[in-house]
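Q: Here it is: the structure, laid out below.
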Amino acid sequence: MGRGPHQADATLFAASALPSLRAAVADLSWLLGRGYVDPSATKLVGDRHRLRQRQRVAVSRSAAGAEALAARSAKRRSSEALAGEHLAIDAFNVLIGTETALSGGVLLRGVDGALRDLASVHGSYRRVAVTEAALDALVATLVRWSPAAVTWYVDRPVSNSGRLAGWIRERAPTGVAWSVELPHDADRGVIEADAVGCSADARVLDLAPAWTDLVSETVATHAPEAWVVDLRGSGAAW
C-alpha cells in the first residue's frame, strides 16, 4: 500500500474546492473555540459545506480553536533554536507524513501552520517504496539541527513497530544521543519526555512543553514539489 493520492483527491482538493474547505476550517475553528467538540462539530460544518468524507477529515485535522492556536504558537520552536536540545519524535506521525510527501499524496497546512497527512495507522503499518528515503530525509534534517539528544517513540501495538525501531537505530548519527522507545502510547511518551516534541498530532501540540514541525522542514528540503493544501486564510462565516 502506497502513500500517494487517493483516486478522488484531484477533485476533492482542487483549487476550485479550496475556498469552501478554508471556510469550513474557519467555521470549525470558531466552533471549537466556543466549546463545541468533535465529531459533532465536524459533522455540523461538513453538512453545511456539503463536504465529502475525506474533505471532512482534512477540515477536522486542520482546525483549532483560538485558545489552542495561541498556545501552540507560543510553544512552537524554530529550527534555529534546536541546537543542543533534546527532541522527542512521534515516529509514525513524522514518517508517514514524509512518506506521503515523497509519494505525491496530499499534505495539509492547518491553521496552526503544522503540516499533516490524511493517513491513519489503525494498528498496522507497512513499509512502502519510499520508506527508506523518508527515514534518511528525516535523519538528515535532525542532523542539520544539531540536537544533543533524539528519542524516537514508536507505538508498540502497531504491527511492524519493532522493525521500524530497528531501521531507526541503524541510522543513528555520530555525536547525538540517539535512542528508540516502544511505549504503548507514543503520544504520551512524547508529551511526558520533557523535550521538544516532533509531531503534528493535535494532542502532542497541546500537551507537550514545546514542539517543532519536523515534517515541514524535511519536506521543504527533500520534497519541495510536494502537494501541500493550505487550508488557512478564510474568515469564519458563522
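The way I read the labels, and the way they are meant: chains A, B, ... in the order of the C-alpha cells, residue 1 as the first residue of every chain, and ligand 1 as the first ligand shown, with later ones counted on from there.
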Find the residues near A:Gly233: any atom within 10 Å, counting only C-alpha atoms, skip ones fewer than 3 places away on the same chain, and give them as a list in words.
A: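 Surrounding residues, per the criterion: Pro19, Arg22, Ala23, Val25, Ala26, Gly110, Val111, Asp230 and Ala236 of chain A.
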Q: Okay, now the selection with N, CA and C atoms, as a CSV table (one decimal), in the first residue's frame?
A:
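Writing the result to out15.csv gives the following:
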```
chain,number,residue,atom,x,y,z
A,19,PRO,N,-11.7,27.4,-1.5
A,19,PRO,CA,-12.5,28.4,-0.8
A,19,PRO,C,-13.5,27.7,0.2
A,22,ARG,N,-11.5,26.1,3.1
A,22,ARG,CA,-10.9,27.1,4.0
A,22,ARG,C,-12.0,27.7,4.9
A,23,ALA,N,-13.2,27.9,4.3
A,23,ALA,CA,-14.3,28.4,5.1
A,23,ALA,C,-14.8,27.4,6.1
A,25,VAL,N,-12.8,25.1,7.6
A,25,VAL,CA,-11.8,25.1,8.6
A,25,VAL,C,-12.0,26.3,9.5
A,26,ALA,N,-12.3,27.5,9.0
A,26,ALA,CA,-12.6,28.7,9.8
A,26,ALA,C,-13.8,28.5,10.7
A,110,GLY,N,-2.5,23.3,8.3
A,110,GLY,CA,-3.6,23.7,9.1
A,110,GLY,C,-3.4,25.1,9.7
A,111,VAL,N,-4.4,25.6,10.5
A,111,VAL,CA,-4.4,26.9,11.0
A,111,VAL,C,-3.2,27.2,11.9
A,230,ASP,N,-3.1,24.2,1.5
A,230,ASP,CA,-3.1,25.2,2.6
A,230,ASP,C,-4.5,25.6,2.9
A,236,ALA,N,-14.3,33.1,9.4
A,236,ALA,CA,-15.5,32.2,9.7
A,236,ALA,C,-16.8,32.9,9.2
```
Q: Using only C-alpha atoms, determine which residues lie at most 8 Å from stretch 62-79 of chain A, disregarding the query and same-chain residues fewer than 6 positions distant; provide the list as number ranges by chain.
A: A: 25-26, 28-34, 108-112, 145, 196, 205-206, 209-212, 231
Q: What's the separation between atom CA of A:Ala119 and atom CA of A:Val106, in Å to one decimal place?
A: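 Going from atom CA of A:Ala119 over to atom CA of A:Val106, I get 9.4 Å.
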Q: Write out as a ChimeraX atom specification all residues of stretch 6-97 of chain A that DSSP puts in strand (DSSP E or B) for this structure's backbone.
A: /A:76,86-90
Q: If I take atom CA of A:Asp187 and atom CA of A:Ser103, how far is one from the other in Å, to one decimal?
A: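 Rounded to one decimal, the two atoms are 25.0 Å apart.
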Q: Give me, please, the distance in Å between atom CA of A:Ala129 and atom CA of A:Leu102, quoted to one decimal.
A: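 Pair atom CA of A:Ala129 / atom CA of A:Leu102 returns 9.7 Å.
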Q: Would you please extract all alpha helix (DSSP H) residues from stretch 43-206 of chain A, as assigned by DSSP on the backbone, and give them as a ChimeraX atom specification?
A: /A:43-49,53-62,66-75,91-103,131-145,161-170,186-191,202-206
Q: Could you write out that same residue set with C-alpha atoms as a short mmCIF file (atom, residue, chain, number, x, y, z; two decimals), in the first residue's frame?
A:
```cif
data_model
loop_
_atom_site.label_atom_id
_atom_site.label_comp_id
_atom_site.auth_asym_id
_atom_site.auth_seq_id
_atom_site.Cartn_x
_atom_site.Cartn_y
_atom_site.Cartn_z
CA LYS A 43 -20.43 16.89 11.13
CA LEU A 44 -22.22 20.21 11.53
CA VAL A 45 -19.63 22.04 9.43
CA GLY A 46 -19.30 19.24 6.90
CA ASP A 47 -23.04 19.15 6.34
CA ARG A 48 -23.20 22.93 5.99
CA HIS A 49 -20.48 22.95 3.32
CA GLN A 53 -15.80 12.27 4.00
CA ARG A 54 -12.15 12.75 3.07
CA GLN A 55 -12.64 16.52 2.99
CA ARG A 56 -14.20 16.36 6.46
CA VAL A 57 -11.15 14.55 7.77
CA ALA A 58 -8.95 17.25 6.25
CA VAL A 59 -11.01 20.03 7.83
CA SER A 60 -11.02 18.32 11.23
CA ARG A 61 -7.24 17.90 11.21
CA SER A 62 -6.64 21.48 10.08
CA ALA A 66 -8.37 30.41 19.17
CA GLU A 67 -7.10 29.46 22.64
CA ALA A 68 -5.45 26.26 21.42
CA LEU A 69 -3.99 28.10 18.45
CA ALA A 70 -2.43 30.77 20.66
CA ALA A 71 -0.96 28.16 23.00
CA ARG A 72 0.51 26.16 20.11
CA SER A 73 2.03 29.29 18.61
CA ALA A 74 3.66 30.20 21.91
CA LYS A 75 5.23 26.75 22.27
CA ALA A 91 7.78 8.24 14.88
CA PHE A 92 4.76 7.08 12.88
CA ASN A 93 3.42 10.62 12.65
CA VAL A 94 6.54 12.12 11.10
CA LEU A 95 7.42 9.09 8.99
CA ILE A 96 4.01 8.73 7.34
CA GLY A 97 3.86 12.47 6.70
CA THR A 98 7.23 12.35 4.96
CA GLU A 99 6.33 9.18 3.03
CA THR A 100 3.18 10.95 1.84
CA ALA A 101 5.18 13.93 0.61
CA LEU A 102 7.62 11.73 -1.30
CA SER A 103 4.74 9.72 -2.80
CA THR A 131 10.19 4.42 3.48
CA GLU A 132 13.99 4.26 3.31
CA ALA A 133 14.17 7.65 1.59
CA ALA A 134 11.75 9.16 4.09
CA LEU A 135 13.77 7.93 7.07
CA ASP A 136 17.01 9.18 5.51
CA ALA A 137 15.43 12.59 4.86
CA LEU A 138 14.18 12.89 8.44
CA VAL A 139 17.58 11.93 9.83
CA ALA A 140 19.29 14.47 7.55
CA THR A 141 17.02 17.20 8.92
CA LEU A 142 17.73 16.18 12.50
CA VAL A 143 21.48 16.17 11.91
CA ARG A 144 21.24 19.66 10.45
CA TRP A 145 19.51 20.87 13.61
CA SER A 161 6.81 -1.32 15.17
CA GLY A 162 9.81 -3.42 16.14
CA ARG A 163 11.12 -3.39 12.59
CA LEU A 164 10.72 0.37 12.35
CA ALA A 165 12.58 0.76 15.62
CA GLY A 166 15.44 -1.28 14.14
CA TRP A 167 15.58 0.82 10.97
CA ILE A 168 15.75 3.96 13.08
CA ARG A 169 18.51 2.58 15.31
CA GLU A 170 20.54 1.67 12.23
CA ALA A 186 3.83 7.10 21.67
CA ASP A 187 1.95 10.38 22.01
CA ARG A 188 2.12 10.14 25.78
CA GLY A 189 5.80 9.29 25.58
CA VAL A 190 6.50 12.44 23.57
CA ILE A 191 4.33 14.58 25.84
CA ALA A 202 -3.01 17.94 17.99
CA ARG A 203 -2.75 16.11 21.32
CA VAL A 204 1.03 16.43 21.31
CA LEU A 205 0.97 20.07 20.23
CA ASP A 206 -1.48 20.92 23.01
#
```
Q: With only C-alpha atoms as the basis for distance, which of A:Arg3, A:Thr218, A:Cys198, A:Ala8 is at the shortest distance from A:Arg126?
A: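 The closest residue to A:Arg126 is A:Arg3.
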